[in-house]
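Since the structure comes first, as structure tokens, the remarks are kept for the end.
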2 protein chains.
Amino acid sequence: MGRPREFDVDHALDCALELFWRKGYEGTSLSDLTDAMGITRPSLYATYGNKEELFRKVLDRYDDTCMSFTREALEEPTARAVVVKLLYGYADAQTDPQHAPGCLGTSGALACSDEAEPIRQELIGRRIAGEAALCRRLEQAKLDGDLPPTADPTNLARYVMTFAQGMAVQAASGADREALYQLCDTVLLAWPSH
Amino acid sequence: MGRPREFDVDHALDCALELFWRKGYEGTSLSDLTDAMGITRPSLYATYGNKEELFRKVLDRYDDTCMSFTREALEEPTARAVVVKLLYGYADAQTDPQHAPGCLGTSGALACSDEAEPIRQELIGRRIAGEAALCRRLEQAKLDGDLPPTADPTNLARYVMTFAQGMAVQAASGADREALYQLCDTVLLAWPSH
DNA sequence: CTGTTTATATATCGATCGGTAAAAAACCAG
DNA sequence: CTGGTTTTTTACCGATCGATATATAAACAG
């Protein structure tokens, strides 16, 4: 009971996502957010907590939607197929014309004030978690005989994620999708084959 | 004539550099700057202009000091030597314990408010200029027969810079120097014709 | 209808943001 | 010394920051 909410929580979250993606955590003000989300400041606080909690909810939605391909990629049958799907998936996400260029997880709070330090740490944690998931998948590939016994899953996972993060910077600098695809092609030349 | 300045302009610039490096352009406030530089607000404005001009002067100093190895690298005799010196130089700079981890040019303003957009564009311009300089060097290497005729200097330069930028994100996430060195080793496996 | 609950709208909070005006202080030329 | 120049010091500007108190509006239960 009570007065029904007049806006869609997830749709407003998507509007916040777009803003944070383009301007980063600190570059986005509450006035920016309420304008884009079409709600008032008290509604935002009542629904999402505060700016920091809103950003975390935005991150979760980002993972659930724009980054869902990463979990699908880990289910590919071979290590190479996993990495191919990951790299081209990142290239697509970072140059999707429907969103800001680049990656929210990379450019959201790479350097920030002390006040935003918890958000920076949150993003670091998510980057490390993603890298660890890929590392585990590559260890499994090694057991499968899908990667040579000399392969170093930790280093390979870091190699792939480093490239994805570099592509995010490239996309944020204006690189188009074709350029990123070419980069992915080049990266895959170094992928160990058995 | 007139009252002599009581602080060292370049030393204060170094203090500002450290702050901008760690907190980014928008994450660093004027109070942060004056505290760290040991000067008052009017002194800062009289000497450096304003926050934006100060940041540009900091960028110039960053290039002249921490990034000087990039120009030396371009003078190496072979394309491979150029890239080796570039990549390990970036790895060193991004994990120098004397400074904040990462790269000022990458994390200074990757995503920001509209107000800081000129600074974001400035950084994009410098990234593109650096990539273009490497591209020209690789074109020369092709003429020297130092790279195979099939090599694509534009893509190779972008490949190297993408990796350097990815390493900056890795360093900002806590990766240590040894990890970055391993990444460089892996990258160089894909370099055409050793 | 009345009472309760929840969401909205309005107005505002203290703190901090980047940026300056004005006066005092330290130098040099004469 | 005095006059001119530059820097420093002190105090402050309007705007915006993230966050709220208060009051009104819209739903349901009885």
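So you can find residues: chains in the structure tokens are A, B, ... in the order shown, residues in each start at 1, and ligands are numbered from 1 in order.
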Residues of chain B within 9 Å of chain D, only C-alpha atoms (C1' of nucleotides) counted, as an NGL selection string
:B and (1-6 or 40 or 42-43)
Based on only C-alpha atoms, which of the residues in chain B come within 6 Å of chain A? I want them as a ChimeraX atom specification.
/B:23-24,27,107,110-113,124,159,162-163,165-167,173,183,189-190
Could you take the residues named above and write them with N, CA and C atoms, as a compact mmCIF listing (two decimals), in the first residue's frame?
```txt
# COMPACT_ATOMS: atom_id res chain seq x y z
N LYS B 23 45.14 11.55 -7.89
CA LYS B 23 43.70 11.82 -7.76
C LYS B 23 43.02 12.20 -9.06
N GLY B 24 43.77 12.39 -10.13
CA GLY B 24 43.15 12.83 -11.37
C GLY B 24 42.86 14.32 -11.35
N GLY B 27 39.51 15.05 -9.35
CA GLY B 27 39.59 14.59 -7.97
C GLY B 27 40.51 15.43 -7.11
N SER B 107 45.00 8.10 -16.52
CA SER B 107 43.99 8.19 -15.47
C SER B 107 43.67 9.62 -15.08
N LEU B 110 39.93 10.30 -17.74
CA LEU B 110 39.42 9.36 -18.74
C LEU B 110 37.92 9.57 -18.93
N ALA B 111 37.21 9.80 -17.85
CA ALA B 111 35.80 10.20 -17.91
C ALA B 111 35.64 11.34 -16.93
N CYS B 112 34.91 12.37 -17.31
CA CYS B 112 34.84 13.55 -16.45
C CYS B 112 33.60 14.37 -16.76
N SER B 113 33.37 15.38 -15.96
CA SER B 113 32.22 16.27 -16.17
C SER B 113 32.44 17.11 -17.42
N ILE B 124 43.50 13.18 -24.65
CA ILE B 124 43.28 12.37 -25.86
C ILE B 124 44.26 12.80 -26.94
N TYR B 159 48.61 -1.14 -31.27
CA TYR B 159 48.76 -2.35 -30.45
C TYR B 159 49.67 -2.08 -29.25
N THR B 162 48.00 0.52 -26.89
CA THR B 162 46.88 -0.09 -26.18
C THR B 162 47.40 -0.89 -25.00
N PHE B 163 48.49 -1.60 -25.24
CA PHE B 163 49.04 -2.38 -24.15
C PHE B 163 49.60 -1.51 -23.04
N GLN B 165 48.56 1.41 -22.25
CA GLN B 165 47.43 1.97 -21.52
C GLN B 165 46.77 0.91 -20.63
N GLY B 166 46.71 -0.31 -21.12
CA GLY B 166 46.19 -1.39 -20.29
C GLY B 166 47.06 -1.63 -19.07
N MET B 167 48.37 -1.54 -19.27
CA MET B 167 49.27 -1.70 -18.12
C MET B 167 49.06 -0.59 -17.10
N SER B 173 45.51 -0.70 -10.53
CA SER B 173 44.74 -1.71 -9.78
C SER B 173 45.62 -2.49 -8.83
N LEU B 183 54.01 -9.32 -18.56
CA LEU B 183 53.09 -8.93 -19.62
C LEU B 183 53.86 -8.46 -20.85
N LEU B 189 56.06 -11.59 -27.81
CA LEU B 189 55.98 -12.84 -28.55
C LEU B 189 55.26 -12.62 -29.88
N ALA B 190 54.35 -11.69 -29.89
CA ALA B 190 53.55 -11.46 -31.10
C ALA B 190 54.22 -10.48 -32.05
```
Compile the residues of chain C that lie within 10 Å of chain B, evaluated using only C-alpha atoms (C1' of nucleotides), and express the compilation as a list in words.
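Selected residues: DT16, DC17, DG18, DG19, DT20, DA25, DA26, DC27, DC28 and DA29 of chain C.
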Result of fitting chain A to chain B over every paired C-alpha, as a PDB file with C-alpha atoms, in the first residue's frame:
```pdb
ATOM      1  CA  MET A   1      62.558  43.968  -9.302  1.00  0.00           C
ATOM      2  CA  GLY A   2      59.650  43.631  -6.974  1.00  0.00           C
ATOM      3  CA  ARG A   3      59.330  41.196  -4.105  1.00  0.00           C
ATOM      4  CA  PRO A   4      61.106  37.920  -4.936  1.00  0.00           C
ATOM      5  CA  ARG A   5      59.081  34.707  -5.149  1.00  0.00           C
ATOM      6  CA  GLU A   6      59.477  32.585  -2.030  1.00  0.00           C
ATOM      7  CA  PHE A   7      58.898  29.171  -3.595  1.00  0.00           C
ATOM      8  CA  ASP A   8      60.441  27.151  -6.400  1.00  0.00           C
ATOM      9  CA  VAL A   9      58.099  27.086  -9.388  1.00  0.00           C
ATOM     10  CA  ASP A  10      59.195  23.668 -10.662  1.00  0.00           C
ATOM     11  CA  HIS A  11      59.253  22.075  -7.233  1.00  0.00           C
ATOM     12  CA  ALA A  12      55.721  23.263  -6.572  1.00  0.00           C
ATOM     13  CA  LEU A  13      54.812  21.911 -10.010  1.00  0.00           C
ATOM     14  CA  ASP A  14      56.208  18.525  -8.996  1.00  0.00           C
ATOM     15  CA  CYS A  15      54.000  18.548  -5.907  1.00  0.00           C
ATOM     16  CA  ALA A  16      50.992  19.334  -8.081  1.00  0.00           C
ATOM     17  CA  LEU A  17      52.059  16.542 -10.444  1.00  0.00           C
ATOM     18  CA  GLU A  18      52.019  14.001  -7.647  1.00  0.00           C
ATOM     19  CA  LEU A  19      48.527  15.035  -6.612  1.00  0.00           C
ATOM     20  CA  PHE A  20      47.039  15.067 -10.112  1.00  0.00           C
ATOM     21  CA  TRP A  21      48.695  11.718 -10.782  1.00  0.00           C
ATOM     22  CA  ARG A  22      47.060  10.128  -7.759  1.00  0.00           C
ATOM     23  CA  LYS A  23      43.667  11.841  -7.755  1.00  0.00           C
ATOM     24  CA  GLY A  24      43.128  12.846 -11.368  1.00  0.00           C
ATOM     25  CA  TYR A  25      42.185  16.302 -12.611  1.00  0.00           C
ATOM     26  CA  GLU A  26      38.731  16.540 -11.117  1.00  0.00           C
ATOM     27  CA  GLY A  27      39.565  14.614  -7.963  1.00  0.00           C
ATOM     28  CA  THR A  28      42.183  17.195  -7.037  1.00  0.00           C
ATOM     29  CA  SER A  29      40.878  20.382  -5.410  1.00  0.00           C
ATOM     30  CA  LEU A  30      42.585  23.726  -5.200  1.00  0.00           C
ATOM     31  CA  SER A  31      42.859  23.252  -1.440  1.00  0.00           C
ATOM     32  CA  ASP A  32      44.637  19.936  -2.042  1.00  0.00           C
ATOM     33  CA  LEU A  33      46.973  21.710  -4.438  1.00  0.00           C
ATOM     34  CA  THR A  34      47.832  24.729  -2.300  1.00  0.00           C
ATOM     35  CA  ASP A  35      48.397  22.482   0.731  1.00  0.00           C
ATOM     36  CA  ALA A  36      50.749  20.168  -1.160  1.00  0.00           C
ATOM     37  CA  MET A  37      52.524  22.934  -3.058  1.00  0.00           C
ATOM     38  CA  GLY A  38      53.007  25.011   0.079  1.00  0.00           C
ATOM     39  CA  ILE A  39      51.674  28.176  -1.507  1.00  0.00           C
ATOM     40  CA  THR A  40      48.518  30.244  -1.145  1.00  0.00           C
ATOM     41  CA  ARG A  41      45.700  30.386  -3.608  1.00  0.00           C
ATOM     42  CA  PRO A  42      46.541  33.830  -5.041  1.00  0.00           C
ATOM     43  CA  SER A  43      50.160  32.751  -5.544  1.00  0.00           C
ATOM     44  CA  LEU A  44      48.961  29.745  -7.515  1.00  0.00           C
ATOM     45  CA  TYR A  45      46.764  31.864  -9.751  1.00  0.00           C
ATOM     46  CA  ALA A  46      49.421  34.523 -10.258  1.00  0.00           C
ATOM     47  CA  THR A  47      52.057  31.959 -11.184  1.00  0.00           C
ATOM     48  CA  TYR A  48      50.186  29.279 -13.132  1.00  0.00           C
ATOM     49  CA  GLY A  49      46.963  30.952 -14.329  1.00  0.00           C
ATOM     50  CA  ASN A  50      44.170  28.707 -13.100  1.00  0.00           C
ATOM     51  CA  LYS A  51      43.538  25.034 -12.373  1.00  0.00           C
ATOM     52  CA  GLU A  52      43.305  24.106 -16.045  1.00  0.00           C
ATOM     53  CA  GLU A  53      46.479  25.916 -17.058  1.00  0.00           C
ATOM     54  CA  LEU A  54      48.250  24.455 -14.053  1.00  0.00           C
ATOM     55  CA  PHE A  55      47.277  20.995 -15.190  1.00  0.00           C
ATOM     56  CA  ARG A  56      48.620  21.628 -18.677  1.00  0.00           C
ATOM     57  CA  LYS A  57      51.900  22.822 -17.203  1.00  0.00           C
ATOM     58  CA  VAL A  58      51.953  19.707 -15.054  1.00  0.00           C
ATOM     59  CA  LEU A  59      51.423  17.600 -18.188  1.00  0.00           C
ATOM     60  CA  ASP A  60      54.371  19.288 -19.880  1.00  0.00           C
ATOM     61  CA  ARG A  61      56.557  18.590 -16.867  1.00  0.00           C
ATOM     62  CA  TYR A  62      55.329  15.001 -16.787  1.00  0.00           C
ATOM     63  CA  ASP A  63      56.384  14.581 -20.415  1.00  0.00           C
ATOM     64  CA  ASP A  64      59.732  16.252 -19.809  1.00  0.00           C
ATOM     65  CA  THR A  65      60.608  14.087 -16.835  1.00  0.00           C
ATOM     66  CA  CYS A  66      58.718  10.830 -16.278  1.00  0.00           C
ATOM     67  CA  MET A  67      57.997  10.270 -19.968  1.00  0.00           C
ATOM     68  CA  SER A  68      61.369  11.324 -21.388  1.00  0.00           C
ATOM     69  CA  PHE A  69      62.210   7.675 -22.011  1.00  0.00           C
ATOM     70  CA  THR A  70      59.590   7.566 -24.777  1.00  0.00           C
ATOM     71  CA  ARG A  71      61.587   9.933 -26.970  1.00  0.00           C
ATOM     72  CA  GLU A  72      64.786   8.040 -26.241  1.00  0.00           C
ATOM     73  CA  ALA A  73      63.021   4.810 -27.146  1.00  0.00           C
ATOM     74  CA  LEU A  74      62.145   6.099 -30.616  1.00  0.00           C
ATOM     75  CA  GLU A  75      65.855   6.558 -31.301  1.00  0.00           C
ATOM     76  CA  GLU A  76      66.678   2.887 -30.790  1.00  0.00           C
ATOM     77  CA  PRO A  77      68.158   1.257 -33.894  1.00  0.00           C
ATOM     78  CA  THR A  78      65.520  -1.411 -34.534  1.00  0.00           C
ATOM     79  CA  ALA A  79      61.735  -1.521 -34.304  1.00  0.00           C
ATOM     80  CA  ARG A  80      61.934  -4.289 -31.768  1.00  0.00           C
ATOM     81  CA  ALA A  81      64.411  -2.349 -29.611  1.00  0.00           C
ATOM     82  CA  VAL A  82      62.108   0.667 -29.782  1.00  0.00           C
ATOM     83  CA  VAL A  83      59.139  -1.355 -28.575  1.00  0.00           C
ATOM     84  CA  VAL A  84      61.147  -3.148 -25.901  1.00  0.00           C
ATOM     85  CA  LYS A  85      62.382   0.134 -24.483  1.00  0.00           C
ATOM     86  CA  LEU A  86      58.900   1.639 -24.687  1.00  0.00           C
ATOM     87  CA  LEU A  87      57.057  -1.211 -22.994  1.00  0.00           C
ATOM     88  CA  TYR A  88      59.508  -1.796 -20.157  1.00  0.00           C
ATOM     89  CA  GLY A  89      59.876   1.950 -19.757  1.00  0.00           C
ATOM     90  CA  TYR A  90      56.127   2.275 -19.276  1.00  0.00           C
ATOM     91  CA  ALA A  91      56.163  -0.664 -16.869  1.00  0.00           C
ATOM     92  CA  ASP A  92      58.871   1.073 -14.850  1.00  0.00           C
ATOM     93  CA  ALA A  93      57.175   4.478 -14.868  1.00  0.00           C
ATOM     94  CA  GLN A  94      53.816   3.042 -13.887  1.00  0.00           C
ATOM     95  CA  THR A  95      55.256   1.172 -10.916  1.00  0.00           C
ATOM     96  CA  ASP A  96      57.856   3.686  -9.767  1.00  0.00           C
ATOM     97  CA  PRO A  97      57.494   3.667  -5.968  1.00  0.00           C
ATOM     98  CA  GLN A  98      58.331   7.374  -5.939  1.00  0.00           C
ATOM     99  CA  HIS A  99      55.059   8.182  -7.664  1.00  0.00           C
ATOM    100  CA  ALA A 100      51.457   7.072  -7.701  1.00  0.00           C
ATOM    101  CA  PRO A 101      50.880   3.810  -9.556  1.00  0.00           C
ATOM    102  CA  GLY A 102      49.636   4.106 -13.127  1.00  0.00           C
ATOM    103  CA  CYS A 103      49.921   6.886 -15.670  1.00  0.00           C
ATOM    104  CA  LEU A 104      48.875  10.521 -15.379  1.00  0.00           C
ATOM    105  CA  GLY A 105      48.007  10.681 -19.066  1.00  0.00           C
ATOM    106  CA  THR A 106      45.700   7.698 -18.802  1.00  0.00           C
ATOM    107  CA  SER A 107      43.997   8.208 -15.455  1.00  0.00           C
ATOM    108  CA  GLY A 108      44.096  12.000 -15.339  1.00  0.00           C
ATOM    109  CA  ALA A 109      40.699  12.499 -16.985  1.00  0.00           C
ATOM    110  CA  LEU A 110      39.414   9.377 -18.738  1.00  0.00           C
ATOM    111  CA  ALA A 111      35.789  10.209 -17.911  1.00  0.00           C
ATOM    112  CA  CYS A 112      34.831  13.557 -16.460  1.00  0.00           C
ATOM    113  CA  SER A 113      32.217  16.276 -16.189  1.00  0.00           C
ATOM    114  CA  ASP A 114      31.471  18.614 -19.080  1.00  0.00           C
ATOM    115  CA  GLU A 115      33.419  21.290 -17.257  1.00  0.00           C
ATOM    116  CA  ALA A 116      36.627  19.237 -17.512  1.00  0.00           C
ATOM    117  CA  GLU A 117      36.026  18.242 -21.126  1.00  0.00           C
ATOM    118  CA  PRO A 118      38.857  20.467 -22.462  1.00  0.00           C
ATOM    119  CA  ILE A 119      41.294  18.593 -20.240  1.00  0.00           C
ATOM    120  CA  ARG A 120      39.952  15.245 -21.411  1.00  0.00           C
ATOM    121  CA  GLN A 121      40.448  16.364 -25.007  1.00  0.00           C
ATOM    122  CA  GLU A 122      43.961  17.539 -24.211  1.00  0.00           C
ATOM    123  CA  LEU A 123      44.843  14.105 -22.862  1.00  0.00           C
ATOM    124  CA  ILE A 124      43.280  12.380 -25.855  1.00  0.00           C
ATOM    125  CA  GLY A 125      45.335  14.593 -28.131  1.00  0.00           C
ATOM    126  CA  ARG A 126      48.532  13.712 -26.346  1.00  0.00           C
ATOM    127  CA  ARG A 127      47.756   9.998 -26.454  1.00  0.00           C
ATOM    128  CA  ILE A 128      47.106  10.213 -30.187  1.00  0.00           C
ATOM    129  CA  ALA A 129      50.275  12.232 -30.736  1.00  0.00           C
ATOM    130  CA  GLY A 130      52.346   9.626 -28.918  1.00  0.00           C
ATOM    131  CA  GLU A 131      50.797   6.848 -30.954  1.00  0.00           C
ATOM    132  CA  ALA A 132      51.398   8.767 -34.183  1.00  0.00           C
ATOM    133  CA  ALA A 133      55.075   9.286 -33.292  1.00  0.00           C
ATOM    134  CA  LEU A 134      55.489   5.550 -32.754  1.00  0.00           C
ATOM    135  CA  CYS A 135      53.652   4.876 -36.012  1.00  0.00           C
ATOM    136  CA  ARG A 136      56.047   7.103 -37.936  1.00  0.00           C
ATOM    137  CA  ARG A 137      59.007   5.339 -36.343  1.00  0.00           C
ATOM    138  CA  LEU A 138      57.594   1.956 -37.392  1.00  0.00           C
ATOM    139  CA  GLU A 139      57.048   3.190 -40.944  1.00  0.00           C
ATOM    140  CA  GLN A 140      60.705   4.113 -41.006  1.00  0.00           C
ATOM    141  CA  ALA A 141      61.534   0.637 -39.684  1.00  0.00           C
ATOM    142  CA  LYS A 142      59.623  -0.826 -42.583  1.00  0.00           C
ATOM    143  CA  LEU A 143      61.700   1.219 -45.004  1.00  0.00           C
ATOM    144  CA  ASP A 144      64.801   0.011 -43.185  1.00  0.00           C
ATOM    145  CA  GLY A 145      63.742  -3.576 -43.825  1.00  0.00           C
ATOM    146  CA  ASP A 146      63.494  -3.802 -40.076  1.00  0.00           C
ATOM    147  CA  LEU A 147      59.840  -4.869 -40.190  1.00  0.00           C
ATOM    148  CA  PRO A 148      58.319  -7.233 -42.776  1.00  0.00           C
ATOM    149  CA  PRO A 149      56.630  -5.559 -45.776  1.00  0.00           C
ATOM    150  CA  THR A 150      53.307  -6.972 -44.611  1.00  0.00           C
ATOM    151  CA  ALA A 151      53.519  -5.165 -41.270  1.00  0.00           C
ATOM    152  CA  ASP A 152      50.890  -2.498 -40.548  1.00  0.00           C
ATOM    153  CA  PRO A 153      52.594   0.340 -38.638  1.00  0.00           C
ATOM    154  CA  THR A 154      49.297   2.002 -37.704  1.00  0.00           C
ATOM    155  CA  ASN A 155      47.938  -1.171 -36.166  1.00  0.00           C
ATOM    156  CA  LEU A 156      51.243  -2.093 -34.543  1.00  0.00           C
ATOM    157  CA  ALA A 157      51.610   1.339 -32.953  1.00  0.00           C
ATOM    158  CA  ARG A 158      48.057   1.127 -31.670  1.00  0.00           C
ATOM    159  CA  TYR A 159      48.791  -2.369 -30.412  1.00  0.00           C
ATOM    160  CA  VAL A 160      51.756  -1.190 -28.373  1.00  0.00           C
ATOM    161  CA  MET A 161      49.996   1.889 -27.000  1.00  0.00           C
ATOM    162  CA  THR A 162      46.892  -0.117 -26.146  1.00  0.00           C
ATOM    163  CA  PHE A 163      49.051  -2.396 -24.108  1.00  0.00           C
ATOM    164  CA  ALA A 164      50.802   0.477 -22.381  1.00  0.00           C
ATOM    165  CA  GLN A 165      47.429   1.960 -21.488  1.00  0.00           C
ATOM    166  CA  GLY A 166      46.187  -1.395 -20.271  1.00  0.00           C
ATOM    167  CA  MET A 167      49.257  -1.696 -18.081  1.00  0.00           C
ATOM    168  CA  ALA A 168      48.445   1.720 -16.626  1.00  0.00           C
ATOM    169  CA  VAL A 169      45.048   0.379 -15.548  1.00  0.00           C
ATOM    170  CA  GLN A 170      46.711  -2.742 -14.165  1.00  0.00           C
ATOM    171  CA  ALA A 171      49.218  -0.678 -12.206  1.00  0.00           C
ATOM    172  CA  ALA A 172      46.423   1.527 -10.873  1.00  0.00           C
ATOM    173  CA  SER A 173      44.723  -1.692  -9.759  1.00  0.00           C
ATOM    174  CA  GLY A 174      47.757  -2.795  -7.784  1.00  0.00           C
ATOM    175  CA  ALA A 175      49.758  -4.905 -10.236  1.00  0.00           C
ATOM    176  CA  ASP A 176      53.450  -4.860  -9.317  1.00  0.00           C
ATOM    177  CA  ARG A 177      56.437  -4.328 -11.567  1.00  0.00           C
ATOM    178  CA  GLU A 178      57.201  -8.017 -12.007  1.00  0.00           C
ATOM    179  CA  ALA A 179      53.671  -8.673 -13.211  1.00  0.00           C
ATOM    180  CA  LEU A 180      53.986  -5.896 -15.792  1.00  0.00           C
ATOM    181  CA  TYR A 181      57.365  -7.219 -16.917  1.00  0.00           C
ATOM    182  CA  GLN A 182      55.793 -10.629 -17.518  1.00  0.00           C
ATOM    183  CA  LEU A 183      53.093  -8.939 -19.549  1.00  0.00           C
ATOM    184  CA  CYS A 184      55.697  -7.185 -21.670  1.00  0.00           C
ATOM    185  CA  ASP A 185      57.426 -10.502 -22.274  1.00  0.00           C
ATOM    186  CA  THR A 186      54.153 -11.981 -23.486  1.00  0.00           C
ATOM    187  CA  VAL A 187      53.374  -9.025 -25.725  1.00  0.00           C
ATOM    188  CA  LEU A 188      56.731  -9.278 -27.432  1.00  0.00           C
ATOM    189  CA  LEU A 189      56.018 -12.871 -28.432  1.00  0.00           C
ATOM    190  CA  ALA A 190      53.587 -11.488 -30.991  1.00  0.00           C
ATOM    191  CA  TRP A 191      56.042  -9.009 -32.421  1.00  0.00           C
ATOM    192  CA  PRO A 192      56.611  -9.706 -36.126  1.00  0.00           C
ATOM    193  CA  SER A 193      60.062 -10.972 -36.961  1.00  0.00           C
ATOM    194  CA  HIS A 194      61.626 -11.053 -40.385  1.00  0.00           C
TER     195      HIS A 194
END
```
Taking the DSSP assignment computed from this structure's backbone, write out as JSON, numbers by chain all residues of chain A that belong to alpha helix (DSSP H).
{"A": [9, 10, 11, 12, 13, 14, 15, 16, 17, 18, 19, 20, 21, 22, 23, 24, 25, 26, 27, 30, 31, 32, 33, 34, 35, 36, 37, 41, 42, 43, 44, 45, 46, 47, 48, 51, 52, 53, 54, 55, 56, 57, 58, 59, 60, 61, 62, 63, 64, 68, 69, 70, 71, 72, 73, 79, 80, 81, 82, 83, 84, 85, 86, 87, 88, 89, 90, 91, 92, 93, 94, 104, 105, 106, 107, 117, 118, 119, 120, 121, 122, 123, 124, 125, 126, 127, 128, 129, 130, 131, 132, 133, 134, 135, 136, 137, 138, 139, 140, 141, 142, 143, 153, 154, 155, 156, 157, 158, 159, 160, 161, 162, 163, 164, 165, 166, 167, 168, 169, 170, 171, 172, 177, 178, 179, 180, 181, 182, 183, 184, 185, 186, 187, 188, 189]}
